[in-house]
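Comments concern the structure below.
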Amino acid sequence: MQTKEVLAALSALAQESRLAVFRLLVQAGPAGLAASKIAEELDIAPSSLSFHLKELTHAGLLTSRHEGRFVIYSADMPTMNSLIGFLTENCCGGIPCGPRNDQARPC
């Protein structure tokens with residue numbers, strides 16, 4: 001991931017409603033959710049939700065597909081994994097991070 005992409009993703013997530021949308025879609029898994037279901041679950045007005053979905057999509061954090069007359073949104077986990085990888089690239093000085101044991105230490 002390039003710095004510009006990382007900044008776009010972090011910027012998109014640095015807002016309460018967008019973070020809530022992303023977290024909900026992570027929980028929904030690959031099946032995703034229709035925009036109407038996201039609005040219902042998070043009690044966000046459809047007009048506001050459209051803006052937030054657009055921002056998350058432009059940042060590469062969401063994918064969408066059409067199913068009939070519905071647009072289904074899903075978290076783009078490869079992008080999120082790349083973001084986490086970028087943020088932890090130099091974690092622990094090259095020693096594998098993880099639960100505390102003989103081979104690894106937490107960051």
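Going through the structure tokens in order, the chains are called A, B, and so on, while each chain numbers its residues from 1 and the ligands are numbered from 1 in the order shown.
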
- Query: A:Asp43: which residues within 10 Å, counting only C-alpha atoms, same-chain residues fewer than 6 positions away excluded, as a VMD selection string?
  - Reply: chain A and resid 17 37 49

- Query: For A:Leu24, which residue out of A:Ile38, A:Leu56, A:Cys91, A:Leu62 is the nearest one, using only C-alpha atoms?
  - Reply: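 With only C-alpha atoms as the atom set, the closest residue is A:Ile38.
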
- Message: Just the number, please: distance in Å from atom CA of A:Glu5 to atom CA of A:Ala20, one decimal.
- Response: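 Here the two named atoms are 20.3 Å from each other.
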
- Quick one: distance from atom CA of A:His66 to atom CA of A:Met80 in Å, one decimal?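 According to the coordinates, atom CA of A:His66 and atom CA of A:Met80 are separated by 22.2 Å.
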
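Taking atom CA of A:Leu19 and atom CA of A:Leu83 as the two end points, the separation is 14.6 Å.
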
- stretch 18-97 of chain A: which residues are strand (DSSP E) by DSSP, as a ChimeraX atom specification? /A:33-34,62-67,70-75

Writer output for current selection, N, CA and C atoms, as a PDB file, in the first residue's frame:
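Below is the file that was written, selection_24.pdb:
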ATOM      1  N   LEU A  33     -24.185  -6.260   3.256  1.00  0.00           N
ATOM      2  CA  LEU A  33     -25.517  -5.795   3.622  1.00  0.00           C
ATOM      3  C   LEU A  33     -26.001  -4.777   2.608  1.00  0.00           C
ATOM      4  N   ALA A  34     -27.296  -4.744   2.418  1.00  0.00           N
ATOM      5  CA  ALA A  34     -27.902  -3.711   1.580  1.00  0.00           C
ATOM      6  C   ALA A  34     -27.806  -2.377   2.311  1.00  0.00           C
ATOM      7  N   LEU A  62     -14.575  -0.413   0.839  1.00  0.00           N
ATOM      8  CA  LEU A  62     -15.817  -1.128   0.565  1.00  0.00           C
ATOM      9  C   LEU A  62     -15.880  -1.544  -0.891  1.00  0.00           C
ATOM     10  N   THR A  63     -16.568  -2.633  -1.127  1.00  0.00           N
ATOM     11  CA  THR A  63     -16.931  -3.025  -2.483  1.00  0.00           C
ATOM     12  C   THR A  63     -18.457  -3.063  -2.527  1.00  0.00           C
ATOM     13  N   SER A  64     -18.998  -2.965  -3.721  1.00  0.00           N
ATOM     14  CA  SER A  64     -20.454  -3.032  -3.856  1.00  0.00           C
ATOM     15  C   SER A  64     -20.811  -3.882  -5.059  1.00  0.00           C
ATOM     16  N   ARG A  65     -21.991  -4.443  -4.992  1.00  0.00           N
ATOM     17  CA  ARG A  65     -22.518  -5.228  -6.102  1.00  0.00           C
ATOM     18  C   ARG A  65     -24.035  -5.052  -6.120  1.00  0.00           C
ATOM     19  N   HIS A  66     -24.599  -5.243  -7.280  1.00  0.00           N
ATOM     20  CA  HIS A  66     -26.050  -5.131  -7.426  1.00  0.00           C
ATOM     21  C   HIS A  66     -26.678  -6.510  -7.320  1.00  0.00           C
ATOM     22  N   GLU A  67     -27.717  -6.588  -6.531  1.00  0.00           N
ATOM     23  CA  GLU A  67     -28.551  -7.783  -6.431  1.00  0.00           C
ATOM     24  C   GLU A  67     -29.982  -7.315  -6.612  1.00  0.00           C
ATOM     25  N   PHE A  70     -31.230  -3.836  -5.268  1.00  0.00           N
ATOM     26  CA  PHE A  70     -30.442  -3.461  -4.100  1.00  0.00           C
ATOM     27  C   PHE A  70     -28.958  -3.368  -4.422  1.00  0.00           C
ATOM     28  N   VAL A  71     -28.280  -2.472  -3.729  1.00  0.00           N
ATOM     29  CA  VAL A  71     -26.828  -2.412  -3.783  1.00  0.00           C
ATOM     30  C   VAL A  71     -26.342  -2.996  -2.461  1.00  0.00           C
ATOM     31  N   ILE A  72     -25.524  -4.027  -2.573  1.00  0.00           N
ATOM     32  CA  ILE A  72     -24.986  -4.715  -1.399  1.00  0.00           C
ATOM     33  C   ILE A  72     -23.548  -4.255  -1.200  1.00  0.00           C
ATOM     34  N   TYR A  73     -23.241  -3.809   0.001  1.00  0.00           N
ATOM     35  CA  TYR A  73     -21.896  -3.338   0.330  1.00  0.00           C
ATOM     36  C   TYR A  73     -21.199  -4.363   1.215  1.00  0.00           C
ATOM     37  N   SER A  74     -19.908  -4.533   0.984  1.00  0.00           N
ATOM     38  CA  SER A  74     -19.074  -5.438   1.787  1.00  0.00           C
ATOM     39  C   SER A  74     -17.767  -4.736   2.121  1.00  0.00           C
ATOM     40  N   ALA A  75     -17.202  -5.096   3.260  1.00  0.00           N
ATOM     41  CA  ALA A  75     -15.875  -4.586   3.621  1.00  0.00           C
ATOM     42  C   ALA A  75     -14.850  -5.234   2.692  1.00  0.00           C
TER      43      ALA A  75
END

- For each of A:Ser11, A:Gln27, A:Gln2, A:Asn81, take the minimum atom-to-atom distance to A:Ala59, counting only C-alpha atoms, then give the residue where this is smallest. A:Ser11

Applying 12 Å and only C-alpha atoms, which residues near A:Phe51 remain after dropping the ones on its own chain fewer than 4 positions away? List them as a JSON list (two decimals) with N, CA, C and O atoms, in the first residue's frame.
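Okay, result06.json is ready:
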[["chain", "number", "residue", "atom", "x", "y", "z"],
["A", 12, "ALA", "N", -10.85, 8.17, 5.91],
["A", 12, "ALA", "CA", -12.24, 7.71, 5.78],
["A", 12, "ALA", "C", -12.73, 7.08, 7.08],
["A", 12, "ALA", "O", -13.89, 7.25, 7.47],
["A", 17, "SER", "N", -19.51, 7.71, 12.09],
["A", 17, "SER", "CA", -20.48, 6.94, 11.29],
["A", 17, "SER", "C", -19.79, 6.00, 10.32],
["A", 17, "SER", "O", -20.20, 4.84, 10.15],
["A", 18, "ARG", "N", -18.72, 6.49, 9.66],
["A", 18, "ARG", "CA", -18.02, 5.64, 8.70],
["A", 18, "ARG", "C", -17.33, 4.47, 9.39],
["A", 18, "ARG", "O", -17.32, 3.36, 8.89],
["A", 21, "VAL", "N", -20.03, 1.98, 10.13],
["A", 21, "VAL", "CA", -20.42, 1.27, 8.90],
["A", 21, "VAL", "C", -19.39, 0.19, 8.58],
["A", 21, "VAL", "O", -19.74, -0.96, 8.32],
["A", 35, "ALA", "N", -27.73, -1.31, 1.55],
["A", 35, "ALA", "CA", -27.64, 0.03, 2.14],
["A", 35, "ALA", "C", -28.81, 0.27, 3.10],
["A", 35, "ALA", "O", -28.62, 0.85, 4.18],
["A", 39, "ALA", "N", -28.47, 1.35, 7.04],
["A", 39, "ALA", "CA", -29.13, 2.54, 7.58],
["A", 39, "ALA", "C", -30.00, 2.16, 8.79],
["A", 39, "ALA", "O", -29.99, 2.85, 9.82],
["A", 44, "ILE", "N", -28.91, 5.63, 10.63],
["A", 44, "ILE", "CA", -28.33, 6.72, 9.85],
["A", 44, "ILE", "C", -29.30, 7.04, 8.72],
["A", 44, "ILE", "O", -29.79, 6.13, 8.04],
["A", 45, "ALA", "N", -29.58, 8.31, 8.52],
["A", 45, "ALA", "CA", -30.47, 8.73, 7.44],
["A", 45, "ALA", "C", -29.89, 8.30, 6.10],
["A", 45, "ALA", "O", -28.67, 8.38, 5.90],
["A", 46, "PRO", "N", -30.73, 7.83, 5.18],
["A", 46, "PRO", "CA", -30.24, 7.37, 3.87],
["A", 46, "PRO", "C", -29.37, 8.39, 3.14],
["A", 46, "PRO", "O", -28.37, 8.01, 2.53],
["A", 47, "SER", "N", -29.71, 9.66, 3.20],
["A", 47, "SER", "CA", -28.90, 10.66, 2.51],
["A", 47, "SER", "C", -27.50, 10.77, 3.13],
["A", 47, "SER", "O", -26.51, 10.89, 2.41],
["A", 55, "GLU", "N", -17.60, 7.74, 0.54],
["A", 55, "GLU", "CA", -16.26, 8.02, 1.07],
["A", 55, "GLU", "C", -15.49, 6.74, 1.34],
["A", 55, "GLU", "O", -14.30, 6.64, 1.03],
["A", 56, "LEU", "N", -16.14, 5.76, 1.93],
["A", 56, "LEU", "CA", -15.48, 4.49, 2.22],
["A", 56, "LEU", "C", -15.13, 3.74, 0.94],
["A", 56, "LEU", "O", -14.06, 3.12, 0.84],
["A", 57, "THR", "N", -16.00, 3.81, -0.05],
["A", 57, "THR", "CA", -15.74, 3.16, -1.34],
["A", 57, "THR", "C", -14.57, 3.81, -2.05],
["A", 57, "THR", "O", -13.68, 3.13, -2.56],
["A", 58, "HIS", "N", -14.55, 5.16, -2.05],
["A", 58, "HIS", "CA", -13.43, 5.87, -2.71],
["A", 58, "HIS", "C", -12.10, 5.59, -2.02],
["A", 58, "HIS", "O", -11.06, 5.62, -2.66]]

- Would you list, as a PyMOL selection string, the residues of chain A that end up in helix (DSSP H, G or I) under DSSP run on this structure's backbone? chain A and resi 3-13+16-31+35-42+46-58+77-88+91-94

- Task: Could you check which of A:Cys92, A:Leu25, A:Val6, A:Leu13 is closest to A:His52, using only C-alpha atoms?
- Result: A:Leu13
